[in-house]
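Before any comments, here is the structure.
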Amino acid sequence: MEETDPPIRLIAGLGNPGPEYAATRHNIGFMVIDHLVAQFGSGWEKSPKWDALSAKCGAVLLVKPLSFMNRSGYPLFAVAQFYKIEPQEILVVLDDFSLPLGRLRLRERGGPGGHNGFESVIAQFGTEEIPRLRIGIGAAPREGSADYVLSRFFDEEKPIVRSTIDRAVEALKCAIDNGLVSAMNTFNKSEEI
């Protein structure tokens, strides 16, 4: 781990609750941390304290806000305050339609990039110093990006999506074990898909 790398103490996947959203492009953040929880053999718990599901994976807390995407910041901020977790110790997993399908992009800081869920997170914490893992879901049409992100992956995309979820889980484990900079150096390069 780099000297300046704060430890990752909380990983949050962004998505919308409910079966009608489960397999949509916008929910790839949920899909990735569901996969991580399954690998650790732990399960999700609903807390009465906040509108989110949580699971422990070793020393790291995993969170799925249940407040719907555009209000993701509220439960995430409540969880972080309760556990005294700094914004730099959080890694948010979200979809990005400006990245090609399957591309991973880890960043230490930056703006929301047009993502309303992440904009809510930044607004609640009052800082852009929040690490994130953006996952490419393919380019949205200029008109109708809302319909696009709420659509399901095409059959021909599903093998890429499965391998992307696996790689994203590996990126998260690398960030936990070796720090964000190491994960960025390993997983931000363009993958052969």
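By convention in this document, the chains of the structure tokens carry letters A, B, ... by their order, each chain's residues are numbered from 1, and ligands are numbered from 1 in the order they are shown.
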Note to self: Would you pick out the contacts of Val32 of chain A at 9 Å or less, using only C-alpha atoms, so that residues sharing its chain but fewer than 2 positions from it are not included, and give the list as a ChimeraX atom specification?
What the structure shows: /A:13,27-30,34-37,93,164-166,168-169
Generate a file of the selected residues that holds all heavy atoms, formatted as a CSV table (one decimal), in the first residue's frame.
chain,number,residue,atom,x,y,z
A,13,GLY,N,-21.9,0.2,-3.5
A,13,GLY,CA,-22.4,0.0,-4.9
A,13,GLY,C,-23.7,0.8,-5.1
A,13,GLY,O,-24.5,0.8,-4.2
A,27,ASN,N,-27.6,-0.6,-12.6
A,27,ASN,CA,-27.4,-1.3,-11.4
A,27,ASN,C,-26.1,-2.2,-11.4
A,27,ASN,O,-26.0,-3.0,-10.5
A,27,ASN,CB,-28.6,-2.3,-11.1
A,27,ASN,CG,-29.7,-1.6,-10.3
A,27,ASN,OD1,-29.9,-0.4,-10.5
A,27,ASN,ND2,-30.4,-2.3,-9.5
A,28,ILE,N,-25.2,-1.9,-12.3
A,28,ILE,CA,-24.0,-2.7,-12.3
A,28,ILE,C,-23.2,-2.5,-11.0
A,28,ILE,O,-22.5,-3.4,-10.6
A,28,ILE,CB,-23.1,-2.4,-13.6
A,28,ILE,CG1,-22.2,-3.6,-13.8
A,28,ILE,CG2,-22.4,-1.1,-13.5
A,28,ILE,CD1,-21.8,-3.9,-15.2
A,29,GLY,N,-23.3,-1.4,-10.3
A,29,GLY,CA,-22.7,-1.2,-9.0
A,29,GLY,C,-23.2,-2.2,-8.0
A,29,GLY,O,-22.4,-2.8,-7.2
A,30,PHE,N,-24.5,-2.4,-8.0
A,30,PHE,CA,-25.1,-3.4,-7.1
A,30,PHE,C,-24.6,-4.8,-7.5
A,30,PHE,O,-24.3,-5.6,-6.6
A,30,PHE,CB,-26.6,-3.4,-7.2
A,30,PHE,CG,-27.4,-2.4,-6.3
A,30,PHE,CD1,-26.7,-1.4,-5.6
A,30,PHE,CD2,-28.7,-2.5,-6.2
A,30,PHE,CE1,-27.4,-0.5,-4.8
A,30,PHE,CE2,-29.5,-1.6,-5.4
A,30,PHE,CZ,-28.8,-0.6,-4.7
A,34,ASP,N,-22.7,-7.3,-5.0
A,34,ASP,CA,-23.4,-8.6,-4.7
A,34,ASP,C,-22.4,-9.7,-4.9
A,34,ASP,O,-22.3,-10.7,-4.2
A,34,ASP,CB,-24.6,-8.8,-5.6
A,34,ASP,CG,-25.8,-8.0,-5.1
A,34,ASP,OD1,-25.9,-7.6,-3.9
A,34,ASP,OD2,-26.7,-7.8,-5.9
A,35,HIS,N,-21.6,-9.7,-6.0
A,35,HIS,CA,-20.7,-10.7,-6.4
A,35,HIS,C,-19.6,-10.8,-5.3
A,35,HIS,O,-19.1,-11.9,-5.0
A,35,HIS,CB,-20.1,-10.3,-7.8
A,35,HIS,CG,-19.5,-11.5,-8.5
A,35,HIS,ND1,-20.3,-12.5,-9.0
A,35,HIS,CD2,-18.3,-11.8,-8.9
A,35,HIS,CE1,-19.5,-13.4,-9.6
A,35,HIS,NE2,-18.3,-13.0,-9.5
A,36,LEU,N,-19.1,-9.6,-4.9
A,36,LEU,CA,-18.1,-9.6,-3.8
A,36,LEU,C,-18.6,-10.2,-2.5
A,36,LEU,O,-17.9,-11.0,-1.9
A,36,LEU,CB,-17.6,-8.1,-3.6
A,36,LEU,CG,-16.5,-7.9,-2.6
A,36,LEU,CD1,-15.2,-8.6,-3.0
A,36,LEU,CD2,-16.2,-6.4,-2.5
A,37,VAL,N,-19.8,-9.9,-2.1
A,37,VAL,CA,-20.4,-10.4,-0.9
A,37,VAL,C,-20.5,-11.9,-1.1
A,37,VAL,O,-20.2,-12.7,-0.1
A,37,VAL,CB,-21.7,-9.8,-0.6
A,37,VAL,CG1,-22.5,-10.6,0.4
A,37,VAL,CG2,-21.6,-8.4,-0.1
A,93,VAL,N,-18.9,2.3,-6.3
A,93,VAL,CA,-18.9,1.5,-7.5
A,93,VAL,C,-20.2,2.0,-8.3
A,93,VAL,O,-21.3,1.9,-7.8
A,93,VAL,CB,-19.0,0.0,-7.2
A,93,VAL,CG1,-18.9,-0.8,-8.6
A,93,VAL,CG2,-17.9,-0.4,-6.3
A,164,THR,N,-16.7,-8.4,-16.9
A,164,THR,CA,-16.4,-7.1,-16.3
A,164,THR,C,-16.7,-7.1,-14.8
A,164,THR,O,-15.9,-6.5,-14.0
A,164,THR,CB,-17.3,-6.1,-17.0
A,164,THR,OG1,-17.0,-6.0,-18.4
A,164,THR,CG2,-17.1,-4.7,-16.4
A,165,ILE,N,-17.8,-7.8,-14.4
A,165,ILE,CA,-18.1,-7.9,-13.0
A,165,ILE,C,-17.0,-8.6,-12.3
A,165,ILE,O,-16.5,-8.2,-11.2
A,165,ILE,CB,-19.5,-8.6,-12.8
A,165,ILE,CG1,-20.6,-7.6,-13.2
A,165,ILE,CG2,-19.7,-8.9,-11.3
A,165,ILE,CD1,-22.0,-8.2,-13.3
A,166,ASP,N,-16.5,-9.7,-12.8
A,166,ASP,CA,-15.4,-10.4,-12.2
A,166,ASP,C,-14.1,-9.5,-12.1
A,166,ASP,O,-13.5,-9.5,-11.0
A,166,ASP,CB,-15.0,-11.7,-13.1
A,166,ASP,CG,-16.1,-12.8,-13.0
A,166,ASP,OD1,-16.9,-12.8,-12.0
A,166,ASP,OD2,-16.1,-13.6,-13.9
A,168,ALA,N,-14.1,-6.3,-12.0
A,168,ALA,CA,-14.4,-5.2,-11.0
A,168,ALA,C,-14.2,-5.7,-9.6
A,168,ALA,O,-13.6,-5.0,-8.8
A,168,ALA,CB,-15.8,-4.6,-11.3
A,169,VAL,N,-14.6,-6.9,-9.3
A,169,VAL,CA,-14.4,-7.5,-8.0
A,169,VAL,C,-12.9,-7.6,-7.7
A,169,VAL,O,-12.5,-7.3,-6.6
A,169,VAL,CB,-15.2,-8.9,-7.9
A,169,VAL,CG1,-14.7,-9.6,-6.7
A,169,VAL,CG2,-16.7,-8.7,-7.9
Note to self: Can you pull out the residues contacting Ile33 of chain A? Cut-off 12 Å, using only C-alpha atoms, and skip same-chain residues under 6 positions away; I want them as an MDAnalysis selection string.
What the structure shows: chainID A and resid 10:15 27 39:40 42:44 53:57 60:65 91:94 133 165:173
Next item on the list: Quick one: pull the distance between atom CA of Lys158 of chain A and atom CA of His26 of chain A, Å, one decimal.
Entry: 14.5 Å
Report as a Markdown table: every residue of segment 121-162 of chain A with an atom at most 7 Å from segment 72-82 of chain A, its closest pair of atoms, and their distance in Å to one decimal, counting only C-alpha atoms, with rows sorted by chain and ascending residue number.
| residue | atom | partner | partner_atom | distance |
| --- | --- | --- | --- | --- |
| A:Val121 | CA | A:Gly73 | CA | 3.7 |
| A:Gln124 | CA | A:Gly73 | CA | 5.5 |
| A:Phe125 | CA | A:Phe77 | CA | 6.5 |
Next item on the list: Name the residues of segment 33-179 of chain A that come out as strand (DSSP E or B) in a backbone DSSP run; write them as a PyMOL selection string.
Entry: chain A and resi 45-46+52-57+60-65+90-96+104-107+132-136+152
At most 7 Å is the cut-off: for each residue in segment 117-181 of chain A with any atom that close to an atom of segment 107-110 of chain A, write down the nearest atom pair and the distance in Å rounded to one decimal, counting only C-alpha atoms, chain first then increasing number, as a tab-separated table.
residue	atom	partner	partner_atom	distance
A:Glu128	CA	A:Gly110	CA	5.2
A:Glu129	CA	A:Arg109	CA	4.4
A:Ile130	CA	A:Arg109	CA	5.2
A:Pro131	CA	A:Glu108	CA	4.1
A:Arg132	CA	A:Arg107	CA	5.5
A:Leu133	CA	A:Arg107	CA	6.6
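Nearest to Lys189 of chain A of all the residues A:Ala59, A:Leu106, A:Cys174, A:Ile137 is A:Leu106, counting only C-alpha atoms.
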Next item on the list: Could you check how far atom CA of Trp50 of chain A sits from atom CA of Leu66 of chain A, in Å to one decimal?
Entry: 9.0 Å
Item checked: All residues 9 Å or closer to Phe97 of chain A, only C-alpha atoms, same chain fewer than 2 positions away omitted, as a PyMOL selection string -> chain A and resi 25+95+99-101+135-140+145+148-149
Please produce a file of those selected residues containing all heavy atoms, as a short mmCIF file (atom, residue, chain, number, x, y, z; two decimals), in the first residue's frame.
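Saved file result_24.cif follows:
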data_model
loop_
_atom_site.label_atom_id
_atom_site.label_comp_id
_atom_site.auth_asym_id
_atom_site.auth_seq_id
_atom_site.Cartn_x
_atom_site.Cartn_y
_atom_site.Cartn_z
N ARG A 25 -28.57 -1.68 -16.66
CA ARG A 25 -27.23 -1.10 -16.76
C ARG A 25 -26.89 -0.23 -15.56
O ARG A 25 -25.77 -0.24 -15.07
CB ARG A 25 -27.13 -0.26 -18.05
CG ARG A 25 -27.25 -1.07 -19.30
CD ARG A 25 -27.39 -0.22 -20.55
NE ARG A 25 -27.77 -1.05 -21.68
CZ ARG A 25 -26.89 -1.71 -22.44
NH1 ARG A 25 -25.62 -1.60 -22.24
NH2 ARG A 25 -27.32 -2.46 -23.43
N ASP A 95 -22.07 2.89 -12.48
CA ASP A 95 -22.09 2.73 -13.93
C ASP A 95 -21.65 4.04 -14.60
O ASP A 95 -21.77 5.11 -14.01
CB ASP A 95 -23.50 2.37 -14.39
CG ASP A 95 -24.52 3.44 -14.03
OD1 ASP A 95 -24.84 3.60 -12.84
OD2 ASP A 95 -25.01 4.14 -14.94
N LEU A 99 -18.12 5.52 -20.81
CA LEU A 99 -17.04 4.55 -20.99
C LEU A 99 -17.56 3.38 -21.83
O LEU A 99 -18.72 2.98 -21.69
CB LEU A 99 -16.57 3.99 -19.64
CG LEU A 99 -15.79 4.92 -18.72
CD1 LEU A 99 -15.51 4.23 -17.39
CD2 LEU A 99 -14.48 5.36 -19.37
N PRO A 100 -16.69 2.81 -22.69
CA PRO A 100 -17.11 1.65 -23.47
C PRO A 100 -17.51 0.49 -22.54
O PRO A 100 -16.98 0.38 -21.44
CB PRO A 100 -15.85 1.27 -24.27
CG PRO A 100 -14.95 2.45 -24.19
CD PRO A 100 -15.31 3.21 -22.96
N LEU A 101 -18.41 -0.34 -23.01
CA LEU A 101 -18.84 -1.51 -22.23
C LEU A 101 -17.62 -2.31 -21.79
O LEU A 101 -16.76 -2.64 -22.60
CB LEU A 101 -19.77 -2.39 -23.08
CG LEU A 101 -20.32 -3.62 -22.37
CD1 LEU A 101 -21.27 -3.22 -21.25
CD2 LEU A 101 -21.02 -4.53 -23.38
N ILE A 135 -17.74 1.91 -14.08
CA ILE A 135 -17.80 0.72 -14.92
C ILE A 135 -18.54 1.07 -16.21
O ILE A 135 -19.69 1.51 -16.16
CB ILE A 135 -18.51 -0.43 -14.19
CG1 ILE A 135 -17.73 -0.75 -12.90
CG2 ILE A 135 -18.61 -1.66 -15.09
CD1 ILE A 135 -18.43 -1.71 -11.99
N GLY A 136 -17.86 0.90 -17.33
CA GLY A 136 -18.45 1.25 -18.62
C GLY A 136 -19.64 0.36 -18.96
O GLY A 136 -19.53 -0.86 -18.90
N ILE A 137 -20.76 1.00 -19.31
CA ILE A 137 -21.96 0.25 -19.70
C ILE A 137 -22.29 0.48 -21.17
O ILE A 137 -23.35 0.10 -21.64
CB ILE A 137 -23.18 0.62 -18.81
CG1 ILE A 137 -23.49 2.12 -18.87
CG2 ILE A 137 -22.95 0.14 -17.38
CD1 ILE A 137 -24.83 2.51 -18.26
N GLY A 138 -21.38 1.13 -21.88
CA GLY A 138 -21.61 1.41 -23.31
C GLY A 138 -22.24 2.77 -23.50
O GLY A 138 -22.89 3.30 -22.60
N ALA A 139 -22.04 3.34 -24.66
CA ALA A 139 -22.49 4.70 -24.94
C ALA A 139 -24.01 4.78 -25.04
O ALA A 139 -24.64 3.97 -25.72
CB ALA A 139 -21.87 5.19 -26.23
N ALA A 140 -24.56 5.76 -24.34
CA ALA A 140 -26.01 6.01 -24.41
C ALA A 140 -26.30 6.87 -25.63
O ALA A 140 -25.47 7.69 -26.02
CB ALA A 140 -26.47 6.73 -23.14
N SER A 145 -30.93 9.05 -22.64
CA SER A 145 -29.95 8.36 -21.80
C SER A 145 -30.61 7.75 -20.57
O SER A 145 -30.19 6.70 -20.09
CB SER A 145 -28.81 9.30 -21.40
OG SER A 145 -29.29 10.39 -20.65
N TYR A 148 -31.92 4.48 -21.54
CA TYR A 148 -30.81 3.58 -21.81
C TYR A 148 -30.25 2.98 -20.52
O TYR A 148 -30.07 1.76 -20.43
CB TYR A 148 -29.70 4.33 -22.57
CG TYR A 148 -28.49 3.47 -22.85
CD1 TYR A 148 -28.51 2.53 -23.87
CD2 TYR A 148 -27.34 3.61 -22.10
CE1 TYR A 148 -27.41 1.72 -24.13
CE2 TYR A 148 -26.22 2.81 -22.36
CZ TYR A 148 -26.27 1.88 -23.37
OH TYR A 148 -25.18 1.09 -23.63
N VAL A 149 -29.97 3.81 -19.51
CA VAL A 149 -29.36 3.29 -18.29
C VAL A 149 -30.31 2.37 -17.54
O VAL A 149 -29.87 1.50 -16.78
CB VAL A 149 -28.79 4.39 -17.35
CG1 VAL A 149 -27.70 5.18 -18.04
CG2 VAL A 149 -29.87 5.29 -16.80
#
Check: Running DSSP on the backbone, which parts of segment 107-186 of chain A land in helix (DSSP H, G or I), as a PyMOL selection string?
Finding: chain A and resi 116-125+145-149+155-178+180-186
Notebook entry, point to check: Using only C-alpha atoms, which of the listed residues (A:Glu86, A:Pro6, A:Arg105, A:Phe68) sits closest to Gly117 of chain A?
Noted result: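 Nearest to Gly117 of chain A: A:Phe68.
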Spatial neighbours of Pro7 of chain A, max dist 9 Å, only C-alpha atoms, sep filter under 5 positions, as an mmCIF file with all heavy atoms, in the first residue's frame:
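Final output, saved to selection.cif:
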data_model
loop_
_atom_site.group_PDB
_atom_site.id
_atom_site.type_symbol
_atom_site.label_atom_id
_atom_site.label_comp_id
_atom_site.auth_asym_id
_atom_site.auth_seq_id
_atom_site.Cartn_x
_atom_site.Cartn_y
_atom_site.Cartn_z
ATOM 1 N N MET A 1 0.851 -1.189 0.000
ATOM 2 C CA MET A 1 0.000 0.000 0.000
ATOM 3 C C MET A 1 0.887 1.240 0.000
ATOM 4 O O MET A 1 1.881 1.303 0.707
ATOM 5 C CB MET A 1 -0.895 -0.018 1.248
ATOM 6 C CG MET A 1 -2.048 0.954 1.123
ATOM 7 S SD MET A 1 -3.250 0.959 2.472
ATOM 8 C CE MET A 1 -3.661 -0.735 2.662
ATOM 9 N N GLN A 88 -12.342 9.770 1.952
ATOM 10 C CA GLN A 88 -11.220 9.156 1.221
ATOM 11 C C GLN A 88 -11.086 7.663 1.512
ATOM 12 O O GLN A 88 -10.318 6.969 0.850
ATOM 13 C CB GLN A 88 -9.898 9.862 1.568
ATOM 14 C CG GLN A 88 -9.858 11.323 1.190
ATOM 15 C CD GLN A 88 -10.539 12.244 2.216
ATOM 16 O OE1 GLN A 88 -10.999 11.821 3.265
ATOM 17 N NE2 GLN A 88 -10.612 13.531 1.889
ATOM 18 N N GLU A 89 -11.828 7.158 2.519
ATOM 19 C CA GLU A 89 -11.785 5.735 2.875
ATOM 20 C C GLU A 89 -12.959 4.963 2.266
ATOM 21 O O GLU A 89 -13.177 3.802 2.568
ATOM 22 C CB GLU A 89 -11.823 5.577 4.402
ATOM 23 C CG GLU A 89 -10.633 6.221 5.093
ATOM 24 C CD GLU A 89 -10.764 6.231 6.607
ATOM 25 O OE1 GLU A 89 -11.888 6.424 7.128
ATOM 26 O OE2 GLU A 89 -9.729 6.035 7.270
ATOM 27 N N ILE A 90 -13.715 5.645 1.395
ATOM 28 C CA ILE A 90 -14.878 5.052 0.743
ATOM 29 C C ILE A 90 -14.538 4.804 -0.726
ATOM 30 O O ILE A 90 -13.840 5.598 -1.344
ATOM 31 C CB ILE A 90 -16.096 6.005 0.844
ATOM 32 C CG1 ILE A 90 -16.450 6.247 2.313
ATOM 33 C CG2 ILE A 90 -17.294 5.463 0.067
ATOM 34 C CD1 ILE A 90 -17.474 7.353 2.512
ATOM 35 N N ALA A 175 -7.742 -2.968 -4.391
ATOM 36 C CA ALA A 175 -7.769 -1.683 -3.680
ATOM 37 C C ALA A 175 -7.777 -1.895 -2.168
ATOM 38 O O ALA A 175 -7.112 -1.157 -1.426
ATOM 39 C CB ALA A 175 -8.992 -0.866 -4.104
ATOM 40 N N ILE A 176 -8.505 -2.909 -1.702
ATOM 41 C CA ILE A 176 -8.543 -3.214 -0.268
ATOM 42 C C ILE A 176 -7.164 -3.675 0.203
ATOM 43 O O ILE A 176 -6.647 -3.202 1.215
ATOM 44 C CB ILE A 176 -9.597 -4.306 0.037
ATOM 45 C CG1 ILE A 176 -11.015 -3.770 -0.208
ATOM 46 C CG2 ILE A 176 -9.457 -4.817 1.470
ATOM 47 C CD1 ILE A 176 -12.089 -4.865 -0.243
ATOM 48 N N ASP A 177 -6.558 -4.597 -0.539
ATOM 49 C CA ASP A 177 -5.309 -5.223 -0.099
ATOM 50 C C ASP A 177 -4.075 -4.364 -0.341
ATOM 51 O O ASP A 177 -3.152 -4.351 0.471
ATOM 52 C CB ASP A 177 -5.103 -6.569 -0.823
ATOM 53 C CG ASP A 177 -6.152 -7.597 -0.427
ATOM 54 O OD1 ASP A 177 -6.790 -7.423 0.633
ATOM 55 O OD2 ASP A 177 -6.345 -8.561 -1.190
ATOM 56 N N ASN A 178 -4.037 -3.655 -1.482
ATOM 57 C CA ASN A 178 -2.810 -2.973 -1.905
ATOM 58 C C ASN A 178 -2.946 -1.465 -2.016
ATOM 59 O O ASN A 178 -1.976 -0.788 -2.333
ATOM 60 C CB ASN A 178 -2.344 -3.521 -3.258
ATOM 61 C CG ASN A 178 -2.205 -5.026 -3.245
ATOM 62 O OD1 ASN A 178 -1.685 -5.593 -2.290
ATOM 63 N ND2 ASN A 178 -2.696 -5.676 -4.279
ATOM 64 N N GLY A 179 -4.145 -0.947 -1.816
ATOM 65 C CA GLY A 179 -4.359 0.495 -1.933
ATOM 66 C C GLY A 179 -4.902 0.886 -3.291
ATOM 67 O O GLY A 179 -4.786 0.155 -4.277
ATOM 68 N N LEU A 180 -5.496 2.060 -3.331
ATOM 69 C CA LEU A 180 -6.168 2.542 -4.534
ATOM 70 C C LEU A 180 -5.198 2.777 -5.689
ATOM 71 O O LEU A 180 -5.499 2.449 -6.830
ATOM 72 C CB LEU A 180 -6.931 3.833 -4.205
ATOM 73 C CG LEU A 180 -7.924 4.307 -5.250
ATOM 74 C CD1 LEU A 180 -9.043 3.285 -5.442
ATOM 75 C CD2 LEU A 180 -8.513 5.642 -4.863
#
Next item on the list: Could you jot down the atom CA of Ile160 of chain A to atom CA of Arg103 of chain A separation for me, Å, one decimal place?
Entry: 10.0 Å
